[in-house]
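Pasting run_30.cif here (mmCIF, C-alpha atoms):
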```cif
data_my_file
#
loop_
_atom_site.label_atom_id
_atom_site.label_comp_id
_atom_site.auth_asym_id
_atom_site.auth_seq_id
_atom_site.Cartn_x
_atom_site.Cartn_y
_atom_site.Cartn_z
CA MET A 1 -177.51 -120.01 -263.96
CA VAL A 2 -180.72 -119.70 -261.96
CA GLN A 3 -180.10 -120.42 -258.27
CA LEU A 4 -182.16 -123.37 -257.05
CA SER A 5 -183.08 -124.48 -253.57
CA PHE A 6 -182.05 -127.87 -252.24
CA TRP A 7 -185.73 -128.89 -252.37
CA GLU A 8 -186.09 -127.89 -256.03
CA LYS A 9 -182.93 -129.78 -256.98
CA GLU A 10 -184.33 -132.89 -255.30
CA SER A 11 -187.73 -132.65 -257.02
CA PHE A 12 -188.47 -130.53 -260.10
CA PHE A 13 -184.88 -130.47 -261.34
CA ALA A 14 -183.66 -133.88 -260.21
CA PRO A 15 -181.80 -136.03 -262.76
CA GLN A 16 -184.20 -137.76 -265.13
CA ASP A 17 -184.29 -141.06 -266.97
CA ILE A 18 -185.65 -139.34 -270.07
CA ILE A 19 -186.02 -135.70 -271.06
CA ILE A 20 -188.23 -134.95 -274.05
CA VAL A 21 -187.78 -131.62 -275.80
CA GLY A 22 -191.08 -130.38 -277.21
CA SER A 23 -194.61 -130.79 -275.86
CA GLY A 24 -196.51 -131.03 -279.12
CA PHE A 25 -198.31 -134.14 -280.31
CA VAL A 26 -195.11 -136.14 -280.82
CA GLY A 27 -193.60 -135.25 -277.47
CA LEU A 28 -196.80 -135.97 -275.57
CA TRP A 29 -197.53 -139.26 -277.33
CA SER A 30 -193.89 -140.32 -276.87
CA ALA A 31 -194.10 -139.64 -273.14
CA LEU A 32 -197.28 -141.70 -272.95
CA GLN A 33 -195.81 -144.65 -274.86
CA LEU A 34 -192.58 -144.58 -272.84
CA LYS A 35 -194.54 -144.58 -269.58
CA LEU A 36 -196.69 -147.46 -270.80
CA LYS A 37 -193.48 -149.36 -271.61
CA ASN A 38 -191.92 -148.62 -268.23
CA PRO A 39 -194.07 -146.89 -265.58
CA ALA A 40 -191.00 -146.37 -263.39
CA TYR A 41 -189.35 -143.99 -265.86
CA LYS A 42 -188.75 -140.48 -264.54
CA ILE A 43 -189.72 -138.34 -267.52
CA THR A 44 -189.70 -134.57 -267.95
CA ILE A 45 -190.88 -132.67 -271.03
CA LEU A 46 -189.31 -129.27 -271.68
CA GLU A 47 -191.31 -126.78 -273.76
CA ARG A 48 -190.03 -123.36 -274.74
CA GLY A 49 -193.49 -121.82 -275.06
CA ILE A 50 -196.25 -121.56 -272.50
CA ILE A 51 -198.06 -124.10 -274.70
CA PRO A 52 -196.77 -126.02 -277.78
CA THR A 53 -195.63 -123.42 -280.31
CA GLY A 54 -195.16 -125.40 -283.53
CA ALA A 55 -198.20 -126.84 -285.30
CA SER A 56 -200.00 -129.09 -282.80
CA THR A 57 -202.43 -126.43 -281.59
CA ARG A 58 -202.18 -124.28 -284.72
CA ASN A 59 -203.36 -126.64 -287.47
CA ALA A 60 -206.74 -127.09 -289.15
CA GLY A 61 -207.99 -129.95 -286.97
CA PHE A 62 -208.20 -132.63 -289.66
CA SER A 63 -208.46 -136.29 -288.72
CA CYS A 64 -207.41 -137.59 -292.12
CA PHE A 65 -205.03 -140.04 -293.75
CA GLY A 66 -204.75 -138.87 -297.35
CA SER A 67 -206.86 -137.64 -300.25
CA PRO A 68 -206.77 -139.48 -303.61
CA GLY A 69 -204.76 -136.77 -305.34
CA GLU A 70 -202.21 -136.66 -302.55
CA LEU A 71 -201.81 -140.45 -302.40
CA ILE A 72 -201.28 -140.74 -306.14
CA ALA A 73 -198.71 -137.94 -306.04
CA ASP A 74 -196.97 -139.57 -303.07
CA ALA A 75 -196.82 -142.93 -304.85
CA ALA A 76 -195.19 -141.28 -307.86
CA GLU A 77 -192.66 -139.45 -305.69
CA MET A 78 -191.78 -141.94 -302.96
CA GLY A 79 -192.91 -145.25 -304.43
CA GLU A 80 -196.03 -147.29 -303.79
CA GLU A 81 -194.62 -149.29 -300.88
CA LYS A 82 -193.70 -146.23 -298.82
CA MET A 83 -196.94 -144.49 -299.71
CA TRP A 84 -199.01 -147.39 -298.38
CA GLN A 85 -196.79 -147.63 -295.31
CA LEU A 86 -197.42 -143.97 -294.57
CA VAL A 87 -201.17 -144.31 -295.07
CA GLU A 88 -201.28 -147.28 -292.70
CA MET A 89 -199.35 -145.32 -290.06
CA ARG A 90 -201.77 -142.41 -290.36
CA TYR A 91 -204.86 -144.59 -290.20
CA LYS A 92 -203.62 -146.57 -287.20
CA GLY A 93 -202.67 -143.30 -285.51
CA LEU A 94 -206.21 -142.00 -285.82
CA LEU A 95 -207.54 -145.24 -284.35
CA GLU A 96 -205.07 -144.88 -281.46
CA ILE A 97 -206.40 -141.42 -280.65
CA ARG A 98 -209.95 -142.72 -280.31
CA LYS A 99 -208.73 -145.65 -278.22
CA HIS A 100 -207.46 -143.24 -275.58
CA PHE A 101 -209.98 -140.37 -275.77
CA SER A 102 -213.74 -140.11 -276.17
CA ASP A 103 -215.22 -138.23 -279.10
CA GLU A 104 -216.68 -135.69 -276.66
CA THR A 105 -213.28 -134.99 -275.08
CA ILE A 106 -211.63 -133.96 -278.37
CA ASP A 107 -214.73 -132.72 -280.28
CA TYR A 108 -214.33 -135.56 -282.77
CA ASP A 109 -216.74 -135.02 -285.69
CA ALA A 110 -217.21 -138.06 -287.96
CA CYS A 111 -218.34 -135.80 -290.79
CA GLY A 112 -216.60 -137.52 -293.72
CA GLY A 113 -214.04 -136.01 -296.06
CA TYR A 114 -213.94 -134.93 -299.71
CA GLU A 115 -211.46 -133.94 -302.37
CA CYS A 116 -212.62 -131.27 -304.81
CA PHE A 117 -211.67 -131.08 -308.49
CA THR A 118 -212.31 -128.99 -311.57
CA ASP A 119 -212.51 -130.41 -315.08
CA GLN A 120 -209.19 -128.68 -315.70
CA SER A 121 -207.53 -130.34 -312.71
CA SER A 122 -204.60 -132.36 -314.00
CA ASP A 123 -205.13 -134.94 -311.26
CA TRP A 124 -208.87 -135.53 -311.81
CA SER A 125 -208.53 -138.01 -314.68
CA ASP A 126 -205.66 -139.69 -312.82
CA CYS A 127 -207.80 -140.14 -309.72
CA ILE A 128 -210.69 -141.63 -311.67
CA ALA A 129 -208.36 -144.01 -313.52
CA LYS A 130 -206.76 -145.15 -310.25
CA THR A 131 -209.76 -145.20 -307.89
CA ASP A 132 -210.07 -149.00 -307.99
CA TRP A 133 -206.35 -149.38 -307.26
CA LEU A 134 -206.58 -146.96 -304.34
CA ASN A 135 -209.65 -148.68 -302.95
CA GLU A 136 -208.01 -152.10 -303.12
CA GLY A 137 -205.04 -150.84 -301.12
CA LEU A 138 -207.22 -148.99 -298.62
CA LYS A 139 -209.37 -152.06 -298.03
CA VAL A 140 -206.28 -153.94 -296.81
CA ILE A 141 -205.61 -151.13 -294.31
CA THR A 142 -209.12 -150.07 -293.24
CA GLY A 143 -211.28 -153.11 -294.00
CA GLU A 144 -213.70 -150.85 -295.90
CA GLU A 145 -214.93 -151.57 -299.41
CA ASN A 146 -214.84 -148.79 -302.02
CA LEU A 147 -213.70 -146.14 -299.58
CA PHE A 148 -213.16 -143.50 -302.28
CA LYS A 149 -216.26 -142.84 -304.37
CA THR A 150 -217.44 -139.98 -306.56
CA ALA A 151 -219.99 -137.64 -304.99
CA ASP A 152 -220.55 -135.00 -307.67
CA GLU A 153 -224.22 -134.77 -306.69
CA LYS A 154 -223.22 -133.07 -303.42
CA ILE A 155 -221.55 -130.06 -305.05
CA SER A 156 -224.76 -128.04 -305.22
CA HIS A 157 -225.76 -129.19 -301.74
CA PHE A 158 -222.57 -127.65 -300.32
CA GLY A 159 -223.09 -124.45 -302.34
CA PHE A 160 -219.73 -124.66 -304.13
CA LYS A 161 -218.94 -122.69 -307.26
CA GLY A 162 -216.26 -123.67 -309.75
CA PHE A 163 -215.84 -127.27 -308.62
CA ASP A 164 -216.91 -129.99 -311.06
CA HIS A 165 -216.22 -133.18 -309.11
CA LEU A 166 -215.99 -134.55 -305.57
CA ILE A 167 -214.48 -137.78 -304.28
CA GLU A 168 -215.79 -138.78 -300.85
CA ASN A 169 -214.05 -140.65 -298.02
CA LYS A 170 -216.53 -141.52 -295.29
CA LEU A 171 -213.84 -142.33 -292.69
CA GLU A 172 -212.30 -138.88 -292.42
CA ALA A 173 -213.28 -136.46 -289.69
CA GLY A 174 -212.49 -133.28 -287.80
CA LEU A 175 -211.34 -132.77 -284.22
CA GLN A 176 -210.27 -129.99 -281.85
CA PRO A 177 -206.45 -130.14 -281.69
CA GLY A 178 -206.19 -127.87 -278.67
CA LYS A 179 -208.46 -130.17 -276.69
CA LEU A 180 -206.47 -133.19 -277.85
CA VAL A 181 -203.26 -131.60 -276.53
CA GLN A 182 -205.01 -130.81 -273.25
CA ALA A 183 -206.27 -134.38 -272.95
CA LEU A 184 -202.80 -135.78 -273.63
CA LEU A 185 -201.27 -133.44 -271.04
CA GLN A 186 -203.76 -134.54 -268.41
CA LYS A 187 -203.19 -138.20 -269.23
CA ILE A 188 -199.40 -138.13 -269.02
CA GLN A 189 -199.33 -135.91 -265.96
CA GLY A 190 -201.62 -138.44 -264.31
CA LEU A 191 -198.95 -141.04 -265.03
CA GLY A 192 -196.27 -138.91 -263.37
CA VAL A 193 -194.71 -137.13 -266.35
CA GLN A 194 -193.49 -133.63 -265.50
CA VAL A 195 -194.05 -130.85 -268.07
CA LEU A 196 -192.08 -127.62 -267.66
CA THR A 197 -192.87 -124.68 -269.95
CA GLY A 198 -190.99 -121.50 -270.79
CA ILE A 199 -187.69 -123.40 -271.00
CA GLU A 200 -185.77 -123.46 -274.27
CA VAL A 201 -183.05 -126.06 -274.73
CA LYS A 202 -180.02 -124.34 -276.26
CA SER A 203 -177.57 -127.25 -276.40
CA TYR A 204 -176.75 -130.66 -274.95
CA GLN A 205 -173.56 -132.57 -274.19
CA ASN A 206 -172.75 -136.10 -273.10
CA HIS A 207 -171.01 -136.32 -269.72
CA TYR A 208 -169.89 -139.22 -267.57
CA HIS A 209 -173.05 -138.81 -265.45
CA GLY A 210 -175.44 -138.59 -268.40
CA ILE A 211 -176.54 -135.92 -270.87
CA GLU A 212 -176.41 -132.33 -269.67
CA LEU A 213 -178.74 -129.72 -271.17
CA GLU A 214 -178.11 -125.97 -271.25
CA THR A 215 -181.33 -123.97 -271.32
CA ALA A 216 -182.73 -120.46 -271.35
CA VAL A 217 -185.67 -119.63 -269.09
CA SER A 218 -188.13 -117.14 -270.57
CA SER A 219 -189.07 -115.69 -267.18
CA VAL A 220 -185.45 -115.05 -266.14
CA LYS A 221 -183.64 -112.86 -268.69
CA GLY A 222 -180.15 -114.03 -269.49
CA GLU A 223 -180.23 -117.03 -267.19
CA GLY A 224 -180.98 -120.69 -267.58
CA LEU A 225 -181.10 -124.03 -265.86
CA LYS A 226 -179.06 -127.21 -266.17
CA PHE A 227 -180.84 -130.49 -266.60
CA THR A 228 -179.33 -133.96 -266.54
CA THR A 229 -180.83 -137.07 -268.12
CA GLN A 230 -179.84 -140.59 -269.11
CA GLN A 231 -181.67 -140.38 -272.44
CA LEU A 232 -182.69 -137.38 -274.54
CA LEU A 233 -185.51 -137.34 -277.08
CA LEU A 234 -185.91 -134.45 -279.52
CA CYS A 235 -189.53 -133.91 -280.57
CA THR A 236 -189.12 -130.35 -281.81
CA ASN A 237 -190.24 -131.20 -285.35
CA ALA A 238 -189.72 -128.16 -287.61
CA PHE A 239 -187.33 -126.56 -285.11
CA THR A 240 -185.02 -129.58 -284.71
CA LYS A 241 -182.23 -128.03 -286.81
CA GLN A 242 -181.60 -125.58 -283.97
CA LEU A 243 -180.32 -128.52 -281.91
CA PHE A 244 -179.19 -130.96 -284.61
CA SER A 245 -178.21 -129.03 -287.72
CA SER A 246 -177.66 -131.93 -290.13
CA ILE A 247 -181.18 -133.34 -289.95
CA ASP A 248 -183.28 -133.45 -293.15
CA ILE A 249 -185.97 -130.96 -292.19
CA ILE A 250 -187.40 -127.96 -294.03
CA PRO A 251 -189.78 -125.79 -291.98
CA ASN A 252 -193.03 -124.97 -293.77
CA ARG A 253 -195.55 -122.41 -292.61
CA GLY A 254 -199.22 -123.31 -292.89
CA GLN A 255 -201.52 -120.30 -292.72
CA VAL A 256 -205.13 -120.58 -291.59
CA LEU A 257 -208.16 -118.35 -291.13
CA ILE A 258 -211.69 -118.77 -289.83
CA THR A 259 -214.88 -116.83 -290.49
CA ASN A 260 -217.59 -115.49 -288.26
CA PRO A 261 -220.57 -117.79 -287.57
CA ILE A 262 -222.62 -118.08 -290.78
CA ASP A 263 -226.34 -118.75 -290.70
CA ASN A 264 -227.30 -121.97 -292.48
CA LEU A 265 -223.74 -122.81 -293.49
CA LYS A 266 -224.07 -125.59 -296.07
CA ILE A 267 -220.48 -126.81 -295.92
CA LYS A 268 -220.22 -129.82 -293.59
CA GLY A 269 -217.14 -132.02 -293.61
CA THR A 270 -213.41 -131.88 -294.21
CA PHE A 271 -212.27 -130.93 -297.71
CA HIS A 272 -209.08 -130.94 -299.79
CA PHE A 273 -208.31 -129.22 -303.07
CA ASP A 274 -205.26 -129.08 -305.33
CA LYS A 275 -203.51 -132.17 -303.87
CA GLY A 276 -204.17 -130.91 -300.37
CA TYR A 277 -202.56 -127.49 -300.79
CA TYR A 278 -205.95 -126.04 -299.84
CA TYR A 279 -207.93 -127.55 -296.98
CA PHE A 280 -211.17 -126.40 -295.41
CA ARG A 281 -213.87 -127.55 -293.04
CA ASN A 282 -216.74 -126.33 -290.95
CA VAL A 283 -216.20 -125.71 -287.26
CA GLY A 284 -219.80 -125.61 -286.13
CA ASN A 285 -221.24 -122.87 -288.33
CA ARG A 286 -217.89 -121.22 -289.04
CA LEU A 287 -215.78 -121.91 -292.13
CA LEU A 288 -212.07 -122.65 -291.61
CA LEU A 289 -209.64 -122.53 -294.53
CA GLY A 290 -205.89 -123.06 -294.67
CA GLY A 291 -203.06 -123.62 -297.09
CA ALA A 292 -202.09 -121.93 -300.36
CA ARG A 293 -198.38 -122.25 -299.57
CA ASN A 294 -197.90 -123.44 -303.18
CA LYS A 295 -198.46 -119.80 -304.16
CA ALA A 296 -195.17 -118.84 -302.49
CA PHE A 297 -193.13 -121.94 -301.66
CA GLU A 298 -189.87 -120.13 -300.91
CA MET A 299 -191.53 -117.53 -298.69
CA GLU A 300 -193.43 -120.21 -296.77
CA ASN A 301 -190.30 -122.31 -296.11
CA THR A 302 -189.83 -120.52 -292.80
CA ASN A 303 -190.19 -120.94 -289.07
CA GLU A 304 -191.61 -117.42 -288.67
CA MET A 305 -195.09 -117.65 -287.18
CA GLN A 306 -196.57 -114.44 -288.63
CA THR A 307 -199.28 -114.59 -291.28
CA THR A 308 -198.70 -112.74 -294.55
CA GLY A 309 -200.92 -110.49 -296.62
CA LEU A 310 -200.22 -112.46 -299.81
CA ILE A 311 -201.37 -115.85 -298.56
CA GLN A 312 -204.25 -114.48 -296.51
CA GLU A 313 -205.54 -112.60 -299.55
CA VAL A 314 -205.34 -115.77 -301.67
CA LEU A 315 -207.30 -117.67 -299.02
CA GLU A 316 -210.01 -115.01 -298.82
CA GLN A 317 -210.32 -114.98 -302.61
CA PHE A 318 -210.69 -118.77 -302.56
CA ILE A 319 -213.64 -118.46 -300.17
CA GLN A 320 -215.27 -115.77 -302.32
CA GLN A 321 -214.77 -117.64 -305.59
CA HIS A 322 -215.53 -121.21 -304.55
CA LEU A 323 -216.94 -121.70 -301.06
CA LEU A 324 -219.24 -118.80 -300.16
CA PRO A 325 -219.80 -117.07 -303.51
CA ALA A 326 -223.11 -115.48 -302.48
CA THR A 327 -222.52 -115.01 -298.75
CA THR A 328 -221.14 -112.05 -296.84
CA PHE A 329 -218.54 -113.10 -294.29
CA THR A 330 -215.84 -111.64 -292.09
CA ILE A 331 -212.59 -113.20 -290.91
CA THR A 332 -212.44 -113.32 -287.12
CA ASP A 333 -209.07 -115.07 -286.62
CA ARG A 334 -205.87 -115.63 -288.58
CA TRP A 335 -202.89 -117.72 -287.52
CA SER A 336 -200.11 -119.98 -288.75
CA GLY A 337 -198.36 -123.16 -287.67
CA ILE A 338 -194.93 -124.44 -288.61
CA MET A 339 -194.78 -127.92 -290.13
CA ALA A 340 -191.69 -130.06 -290.71
CA MET A 341 -191.15 -131.23 -294.28
CA GLY A 342 -188.09 -132.77 -295.90
CA THR A 343 -186.83 -134.62 -298.96
CA GLU A 344 -189.44 -137.30 -298.22
CA LYS A 345 -192.60 -137.63 -296.14
CA MET A 346 -191.67 -140.51 -293.87
CA PRO A 347 -191.11 -139.47 -290.24
CA ILE A 348 -187.59 -139.53 -288.86
CA VAL A 349 -187.51 -141.91 -285.89
CA LYS A 350 -183.95 -142.81 -284.98
CA SER A 351 -180.92 -142.52 -282.73
CA ILE A 352 -178.78 -139.48 -283.55
CA GLY A 353 -176.08 -139.90 -280.90
CA ASN A 354 -175.09 -141.62 -277.68
CA ASN A 355 -178.46 -141.99 -275.88
CA VAL A 356 -179.88 -139.15 -277.99
CA PHE A 357 -182.91 -139.83 -280.18
CA CYS A 358 -185.30 -137.90 -282.39
CA CYS A 359 -188.89 -138.37 -283.48
CA VAL A 360 -189.63 -135.60 -285.97
CA ARG A 361 -190.79 -134.60 -289.48
CA MET A 362 -194.51 -135.37 -289.51
CA SER A 363 -194.95 -133.61 -292.90
CA GLY A 364 -198.12 -131.80 -291.90
CA MET A 365 -199.83 -134.98 -290.64
CA GLY A 366 -198.81 -134.86 -286.98
CA VAL A 367 -202.31 -135.50 -285.69
CA ALA A 368 -202.38 -138.90 -287.38
CA LEU A 369 -198.69 -139.86 -287.40
CA ALA A 370 -197.63 -138.88 -283.89
CA PRO A 371 -199.26 -141.81 -282.00
CA ILE A 372 -197.55 -144.42 -284.20
CA ALA A 373 -194.20 -142.63 -284.48
CA ALA A 374 -194.27 -142.44 -280.66
CA MET A 375 -194.73 -146.19 -280.43
CA GLU A 376 -191.71 -146.70 -282.68
CA ILE A 377 -189.44 -144.39 -280.69
CA ALA A 378 -190.54 -145.98 -277.41
CA VAL A 379 -189.48 -149.40 -278.71
CA LEU A 380 -186.16 -148.00 -279.95
CA MET A 381 -185.37 -146.30 -276.64
CA ASN A 382 -186.17 -149.46 -274.73
CA SER A 383 -184.09 -151.77 -276.92
#
```

So, in terms of structure tokens, how does the structure I just supplied come out?
Amino acid sequence: MVQLSFWEKESFFAPQDIIIVGSGFVGLWSALQLKLKNPAYKITILERGIIPTGASTRNAGFSCFGSPGELIADAAEMGEEKMWQLVEMRYKGLLEIRKHFSDETIDYDACGGYECFTDQSSDWSDCIAKTDWLNEGLKVITGEENLFKTADEKISHFGFKGFDHLIENKLEAGLQPGKLVQALLQKIQGLGVQVLTGIEVKSYQNHYHGIELETAVSSVKGEGLKFTTQQLLLCTNAFTKQLFSSIDIIPNRGQVLITNPIDNLKIKGTFHFDKGYYYFRNVGNRLLLGGARNKAFEMENTNEMQTTGLIQEVLEQFIQQHLLPATTFTITDRWSGIMAMGTEKMPIVKSIGNNVFCCVRMSGMGVALAPIAAMEIAVLMNS
């Protein structure tokens, strides 16, 4: 174990009321909600990376709550009631973000969102047949009339090739996830939450004096630190199985790329295609594209962060065929993030042991779901 001074034991490494493992969106929002519930809580967040290493700063920056094709597929798979519950959580989560942070702080871009279809898309006729039903349900949640509407006339405006139909959602937007994480960090640290990075939690055990955590410290090879807390909250999302093996989580890699700045880029907004398996948006005058994991499901069920030639090639071909068919472009950056999926899309917010809790499995929608899941776990831990 790392040798600590008396002063360090009495300050940085003093026993805590709550230790949160993971400083991504869920961990940060949970710390905020717990502090709002009880400002006297002594809370420490432990993060194994120097910044969050899962998906929070490695996603596509969508502020969205579900495309028509995705919602219809979700209703068929998980039932209408759960689908609407999930949509409401996402929508309220996006409202919560803007309640705490200005648009300028997180580069919020109220650009609107679209789902793209071809005439051959199996879900196009389904979406048209069920648009009224979707809009009725969305009105209850958002207060907006006819939220989903066809916008085929915009296809040529965006310069697309090979798409035959668009459905528009004026409430969707883009944001800068790295800046959102930074803003959350600043907010919780201002409330007295301690965030320690480069510390990986290896195991935990209940003791008479609380819960004891064994860790590994990245800067000290072969050595770690002991932490003690009264309550433990796991917010490690796709990596939770490393600490709690029986949890229903399947890691999924989402690969992303972004182009060089493109003069007069026509594409403005956030876009989905193929039930959300492809997603793209403009970031200023750059084009960002991610997804295509349905081309290699088994290979992408991984917690390995590296990008792969197969998926990256598919993404580049998608740009050439559909998005920038007459434009020369180069890819300046490629990366991946690890999402937590499972046998269903609902987040897991529950107690998993004596004073041990988890708030995980955001199913690729952590931006929107984390604020509301954090509220739920804060209530549970205070009950």

Discussion item. Assuming the chain letters and numbering stay as they are in my file, what does the PyMOL selection byres ((chain A and resi 263) around 12) actually select? List them as an NGL selection string.
Written reply: :A and (259-262 or 264-267 or 284-287 or 324 or 327-329)

Fill in: Residues matched by the PyMOL selection byres ((chain A and resi 308-311) around 9), written as a ChimeraX atom specification
/A:255,291-293,295-296,306-307,312-316

Discussion item. Using all atoms listed in the file - which residues lie no farther than 7 Å from the point (-209.8, -133.6, -275.7) in the file's frame? Write them as a PyMOL selection string.
Written reply: chain A and resi 101+105-107+179-183

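Atom pair CA of Lys161 in chain A / CA of Ser125 in chain A: separated by 20.0 Å.
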
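What separates CA of Ile97 in chain A from CA of Pro371 in chain A is a distance of 7.3 Å.
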
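The residues caught by the PyMOL selection byres ((chain A and resi 92) around 9) in this file are Val87, Glu88, Met89, Arg90, Tyr91, Gly93, Leu94, Leu95, Glu96, Ile97, Ile141, Thr142, Ala368, Leu369, Pro371 and Ile372 of chain A.
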
Counting only C-alpha atoms, find residues at most 7 Å from (-187.3, -138.7, -282.6) (file frame) and give them as a CSV table (one decimal) with C-alpha atoms, in the frame of the given file.
```csv
chain,number,residue,atom,x,y,z
A,233,LEU,CA,-185.5,-137.3,-277.1
A,234,LEU,CA,-185.9,-134.4,-279.5
A,235,CYS,CA,-189.5,-133.9,-280.6
A,348,ILE,CA,-187.6,-139.5,-288.9
A,349,VAL,CA,-187.5,-141.9,-285.9
A,350,LYS,CA,-184.0,-142.8,-285.0
A,357,PHE,CA,-182.9,-139.8,-280.2
A,358,CYS,CA,-185.3,-137.9,-282.4
A,359,CYS,CA,-188.9,-138.4,-283.5
A,360,VAL,CA,-189.6,-135.6,-286.0
A,377,ILE,CA,-189.4,-144.4,-280.7
```

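Computed from the coordinates, the CA of Glu223 in chain A to CA of Ile188 in chain A distance equals 28.6 Å.
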
Given only C-alpha atoms, how would the per-residue table for range 91-126 of chain A near range 143-147 of chain A read, listing every residue at most 12 Å away with its closest atom pair and distance in Å to one decimal, sorted by chain and number, as a tab-separated table?
```
residue	atom	partner	partner_atom	distance
A:Tyr91	CA	A:Gly143	CA	11.3
A:Gly112	CA	A:Leu147	CA	10.8
A:Gly113	CA	A:Leu147	CA	10.7
A:Tyr114	CA	A:Leu147	CA	11.2
```
